[in-house]
Structure formats: structure tokens, C-alpha cells
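Next up, query-v4.cif (mmCIF, C-alpha atoms):
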```cif
data_work
loop_
_atom_site.group_PDB
_atom_site.id
_atom_site.type_symbol
_atom_site.label_atom_id
_atom_site.label_comp_id
_atom_site.auth_asym_id
_atom_site.auth_seq_id
_atom_site.Cartn_x
_atom_site.Cartn_y
_atom_site.Cartn_z
ATOM 1 C CA MET Y 1 96.943 117.456 115.722
ATOM 2 C CA CYS Y 2 100.572 117.908 116.762
ATOM 3 C CA ILE Y 3 101.313 114.395 115.498
ATOM 4 C CA ILE Y 4 99.883 115.292 112.094
ATOM 5 C CA VAL Y 5 102.120 118.368 111.869
ATOM 6 C CA LEU Y 6 105.158 116.275 112.808
ATOM 7 C CA LEU Y 7 104.130 113.647 110.269
ATOM 8 C CA LEU Y 8 103.839 116.242 107.511
ATOM 9 C CA LEU Y 9 107.188 117.769 108.434
ATOM 10 C CA SER Y 10 108.921 114.389 108.427
ATOM 11 C CA MET Y 11 107.359 113.528 105.071
ATOM 12 C CA SER Y 12 108.653 116.780 103.593
ATOM 13 C CA LEU Y 13 112.174 115.920 104.794
ATOM 14 C CA ILE Y 14 111.888 112.425 103.310
ATOM 15 C CA PHE Y 15 110.630 113.929 100.057
ATOM 16 C CA VAL Y 16 113.645 116.226 99.837
ATOM 17 C CA SER Y 17 116.135 113.485 100.717
ATOM 18 C CA ASN Y 18 114.574 110.959 98.326
ATOM 19 C CA ASN Y 19 114.798 113.432 95.489
ATOM 20 C CA ALA Y 20 118.267 114.860 96.094
ATOM 21 C CA ASN Y 21 119.704 112.951 93.128
ATOM 22 C CA ALA Y 22 116.762 113.788 90.896
ATOM 23 C CA THR Y 23 117.830 117.435 90.693
ATOM 24 C CA LYS Y 24 120.151 116.463 87.873
ATOM 25 C CA VAL Y 25 117.164 115.533 85.717
ATOM 26 C CA TYR Y 26 114.413 117.936 86.767
ATOM 27 C CA ASN Y 27 114.590 121.710 86.936
ATOM 28 C CA GLU Y 28 113.389 124.014 89.700
ATOM 29 C CA SER Y 29 109.909 124.469 88.214
ATOM 30 C CA THR Y 30 109.439 120.703 88.382
ATOM 31 C CA PHE Y 31 110.182 120.701 92.090
ATOM 32 C CA SER Y 32 108.025 123.749 92.770
ATOM 33 C CA THR Y 33 105.157 121.898 91.079
ATOM 34 C CA CYS Y 34 105.893 118.830 93.200
ATOM 35 C CA GLU Y 35 105.937 121.003 96.308
ATOM 36 C CA ARG Y 36 102.458 122.282 95.447
ATOM 37 C CA ILE Y 37 101.244 118.711 94.912
ATOM 38 C CA PHE Y 38 102.845 117.726 98.218
ATOM 39 C CA GLU Y 39 101.071 120.613 99.969
ATOM 40 C CA TYR Y 40 97.707 119.638 98.474
ATOM 41 C CA PHE Y 41 98.045 115.882 98.984
ATOM 42 C CA THR Y 42 99.149 116.062 102.612
ATOM 43 C CA ASN Y 43 95.712 117.415 103.497
ATOM 44 C CA SER Y 44 94.289 114.040 102.446
ATOM 45 C CA LEU Y 45 96.666 111.951 104.538
ATOM 46 C CA PRO Y 46 94.672 112.088 107.790
ATOM 47 C CA TYR Y 47 91.788 110.445 105.915
ATOM 48 C CA LEU Y 48 93.779 108.145 103.605
ATOM 49 C CA VAL Y 49 96.508 106.765 105.886
ATOM 50 C CA ARG Y 50 95.479 103.606 107.695
ATOM 51 C CA ASP Y 51 97.492 104.304 110.875
ATOM 52 C CA LEU Y 52 96.039 107.785 111.296
ATOM 53 C CA ASN Y 53 92.526 106.412 110.779
ATOM 54 C CA GLU Y 54 93.031 103.943 113.607
ATOM 55 C CA ILE Y 55 94.457 106.574 115.965
ATOM 56 C CA TYR Y 56 92.198 109.521 115.228
ATOM 57 C CA GLY Y 57 89.176 107.892 113.616
ATOM 58 C CA PHE Y 58 88.774 110.255 110.670
ATOM 59 C CA GLY Y 59 85.493 108.820 109.381
ATOM 60 C CA ILE Y 60 85.096 111.460 106.721
ATOM 61 C CA PRO Y 61 87.662 113.589 104.929
ATOM 62 C CA LEU Y 62 88.072 117.094 106.258
ATOM 63 C CA ARG Y 63 86.758 119.938 104.092
ATOM 64 C CA ARG Y 64 90.310 121.062 103.378
ATOM 65 C CA CYS Y 65 91.099 117.561 102.092
ATOM 66 C CA CYS Y 66 88.276 117.734 99.558
ATOM 67 C CA GLN Y 67 89.213 121.273 98.520
ATOM 68 C CA HIS Y 68 92.757 120.151 97.834
ATOM 69 C CA VAL Y 69 91.629 117.053 95.936
ATOM 70 C CA ASP Y 70 89.746 119.484 93.682
ATOM 71 C CA LYS Y 71 92.948 121.515 93.253
ATOM 72 C CA LEU Y 72 94.869 118.360 92.322
ATOM 73 C CA ASN Y 73 92.145 117.512 89.807
ATOM 74 C CA ILE Y 74 92.486 120.965 88.244
ATOM 75 C CA LEU Y 75 96.252 120.510 88.014
ATOM 76 C CA ALA Y 76 95.783 117.085 86.408
ATOM 77 C CA GLN Y 77 93.270 118.392 83.880
ATOM 78 C CA HIS Y 78 94.876 121.668 82.885
ATOM 79 C CA ARG Y 79 98.464 122.140 83.994
ATOM 80 C CA THR Y 80 100.249 118.977 85.078
ATOM 81 C CA ASN Y 81 100.344 115.497 83.621
ATOM 82 C CA PRO Y 82 98.430 113.080 85.913
ATOM 83 C CA ARG Y 83 101.449 110.751 85.840
ATOM 84 C CA PHE Y 84 103.616 113.571 87.147
ATOM 85 C CA ILE Y 85 101.195 114.044 90.052
ATOM 86 C CA CYS Y 86 101.472 110.314 90.700
ATOM 87 C CA TRP Y 87 105.271 110.557 90.576
ATOM 88 C CA CYS Y 88 105.274 113.381 93.148
ATOM 89 C CA ILE Y 89 102.969 111.429 95.472
ATOM 90 C CA GLN Y 90 105.112 108.329 94.956
ATOM 91 C CA ALA Y 91 108.250 110.300 95.856
ATOM 92 C CA MET Y 92 106.570 111.646 99.000
ATOM 93 C CA MET Y 93 105.424 108.234 100.182
ATOM 94 C CA LYS Y 94 108.719 106.490 99.378
ATOM 95 C CA GLY Y 95 110.711 105.770 102.486
ATOM 96 C CA THR Y 96 107.785 106.151 104.869
ATOM 97 C CA THR Y 97 105.999 103.402 106.723
ATOM 98 C CA LEU Y 98 102.630 104.992 106.020
ATOM 99 C CA ALA Y 99 100.105 102.845 104.200
ATOM 100 C CA LEU Y 100 97.269 104.320 102.201
ATOM 101 C CA ASP Y 101 94.007 102.547 102.951
ATOM 102 C CA PRO Y 102 92.621 101.144 99.650
ATOM 103 C CA SER Y 103 89.009 101.415 100.845
ATOM 104 C CA ARG Y 104 89.559 105.067 101.786
ATOM 105 C CA ILE Y 105 91.121 105.755 98.382
ATOM 106 C CA GLN Y 106 88.075 104.198 96.736
ATOM 107 C CA ASP Y 107 85.692 106.212 98.943
ATOM 108 C CA LEU Y 108 87.504 109.543 98.579
ATOM 109 C CA PRO Y 109 85.802 110.673 95.335
ATOM 110 C CA LEU Y 110 82.361 109.844 96.739
ATOM 111 C CA MET Y 111 83.071 111.467 100.100
ATOM 112 C CA CYS Y 112 84.376 114.626 98.391
ATOM 113 C CA ASN Y 113 81.690 114.613 95.678
ATOM 114 C CA THR Y 114 84.260 114.580 92.896
ATOM 115 C CA THR Y 115 86.233 112.288 90.617
ATOM 116 C CA LEU Y 116 89.951 111.594 90.674
ATOM 117 C CA THR Y 117 91.740 112.637 87.491
ATOM 118 C CA PHE Y 118 95.126 111.468 88.755
ATOM 119 C CA PRO Y 119 96.225 108.001 89.899
ATOM 120 C CA ILE Y 120 96.388 107.243 93.586
ATOM 121 C CA TYR Y 121 96.617 103.783 95.096
ATOM 122 C CA ASN Y 122 98.202 101.920 97.971
ATOM 123 C CA GLY Y 123 101.896 101.435 97.363
ATOM 124 C CA MET Y 124 102.224 104.174 94.739
ATOM 125 C CA ASP Y 125 104.965 102.128 93.076
ATOM 126 C CA ASP Y 126 104.181 102.457 89.354
ATOM 127 C CA CYS Y 127 103.109 105.716 87.744
ATOM 128 C CA SER Y 128 103.731 104.562 84.166
ATOM 129 C CA ASN Y 129 100.077 103.734 83.442
#
```
Here is the file; what I need is its structure written in the form of C-alpha cells.
Amino acid sequence: MCIIVLLLLSMSLIFVSNNANATKVYNESTFSTCERIFEYFTNSLPYLVRDLNEIYGFGIPLRRCCQHVDKLNILAQHRTNPRFICWCIQAMMKGTTLALDPSRIQDLPLMCNTTLTFPIYNGMDDCSN
């Protein structure tokens, strides 16, 4: 569990450093929204990240993961453009060596008994669609 906390902390530092130049374009509310998305999405990483799966064997997503996927869905449907959610996730993953497991991404909606209303895929390199 300590490794997960360290992983989340390091990802938050990468997120801040990767977006230092973006402050010229986006205002503070944009970043506070991204911070919320970061907080919600990180709860899915233990299930979605291939390396963590191999180490810890998360066969099913934790309840908190599913609860936060629901929160991301609500944001995507009512408050935040799904592409913006994708952009925030892309910014978080940029610069890390973590790989999202495509089969876990595909299984996430079924395992959490929900649908995904925002894009998420391995690589997270194009949020334009």
C-alpha cells in the first residue's frame, strides 16, 4: 500500500511539472477541475496499471475505484467536457512509465457495473476525438 501512495505522490508531482507551462493558457478553475479528476482517476490506477496488477494482483477494482469512476462519469455528463477529462488523464500519465492495461480498461465498466462517458485508453495520447 505504501508503494501505491508513493506512486500517487510521484504522479501528482509529474502532473504539476508537466503542466507548468500550461498555466499561461488555462486559469485556476481549470487546474482545480483537473486536480479533482486526478484525485478520482488515481483510485483506478491499482486496477488499470499493468505493473501494479502484476505486483499486487488486483483481480477486481476496489469499491473506491468504482465510486470514483461514477464521479468521473457525472463530471463528463454534467459539468466537464469528456475531452477535458481525457486531457487531464493524459497530462497525469505523461512522463510516467506506467502502462494502462487495455484488457482492464475494457473490463472496468463491466466490473464497476457502469459505462464510461469519457475516453480512457492505453497511451492516452490523443484526446481530440
request  = Taking the file as shown, find all residues satisfying the PyMOL selection byres ((chain Y and resi 82) around 10) and write them as a list in words.
outcome  = Leu72, Asn73, Leu75, Ala76, Gln77, His78, Arg79, Thr80, Asn81, Arg83, Phe84, Ile85, Cys86, Trp87, Cys88, Leu116, Thr117, Phe118, Pro119, Ile120, Cys127 and Asn129 of chain Y
Writer output for current selection, C-alpha atoms, as a tab-separated table (two decimals), in the frame of the given file:
```tsv
chain	number	residue	atom	x	y	z
Y	72	LEU	CA	94.87	118.36	92.32
Y	73	ASN	CA	92.14	117.51	89.81
Y	75	LEU	CA	96.25	120.51	88.01
Y	76	ALA	CA	95.78	117.08	86.41
Y	77	GLN	CA	93.27	118.39	83.88
Y	78	HIS	CA	94.88	121.67	82.88
Y	79	ARG	CA	98.46	122.14	83.99
Y	80	THR	CA	100.25	118.98	85.08
Y	81	ASN	CA	100.34	115.50	83.62
Y	83	ARG	CA	101.45	110.75	85.84
Y	84	PHE	CA	103.62	113.57	87.15
Y	85	ILE	CA	101.20	114.04	90.05
Y	86	CYS	CA	101.47	110.31	90.70
Y	87	TRP	CA	105.27	110.56	90.58
Y	88	CYS	CA	105.27	113.38	93.15
Y	116	LEU	CA	89.95	111.59	90.67
Y	117	THR	CA	91.74	112.64	87.49
Y	118	PHE	CA	95.13	111.47	88.76
Y	119	PRO	CA	96.22	108.00	89.90
Y	120	ILE	CA	96.39	107.24	93.59
Y	127	CYS	CA	103.11	105.72	87.74
Y	129	ASN	CA	100.08	103.73	83.44
```
Atomic distance atom CA of Y:Cys66 - atom CA of Y:Gly95, expressed in Å with one decimal =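 Calculated distance between atom CA of Y:Cys66 and atom CA of Y:Gly95 is 25.6 Å.
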Pick from Y:Phe38, Y:Lys94, Y:Gly123, Y:Asn113 nearest to Y:Arg63, counting only C-alpha atoms = Y:Asn113
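For the atom pair formed by atom CA of Y:Cys34 and atom CA of Y:Ser103, the distance is 25.4 Å, given to one decimal.
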query = From the list Y:Asp107, Y:Asp70, Y:Asp126, Y:Asp101, which residue is nearest Y:Ile37 when using all atoms listed in the file?
reply = Y:Asp70
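Each of Y:Leu110, Y:Ala91, Y:Ile105, Y:Leu48 was compared to Y:Asp125 using all atoms listed in the file, and Y:Ala91 turns out to be the nearest.
Among the candidate residues Y:Ala99, Y:Cys65, Y:Cys112, Y:Ile60, the one lying nearest to Y:Ser44 is Y:Cys65, with distances computed using all atoms listed in the file.
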task = To one decimal in Å, tell me the separation between atom CA of Y:Thr115 and atom CA of Y:Thr97.
result =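 Going from atom CA of Y:Thr115 over to atom CA of Y:Thr97 covers 27.0 Å.
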Enclosing box along x, y and z for every listed atom of stretch 84-96 of chain Y, padded 5 Å each side, centre and size in Å, one decimal, as JSON:
```
{"center_x": 106.0, "center_y": 109.9, "center_z": 96.0, "size_x": 19.5, "size_y": 18.3, "size_z": 27.7}
```
query = Which residue out of Y:Asn122, Y:Thr33, Y:Thr114, Y:Thr96 has the minimum interatomic distance to Y:Gln67 when only C-alpha atoms are used?
reply =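 Distance minimum relative to Y:Gln67 lands on Y:Thr114.
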ask   = Closest to Y:Gly59 among Y:Thr42, Y:Tyr121, Y:Leu100, Y:Leu108, using only C-alpha atoms?
value =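 Closest candidate: Y:Leu108.
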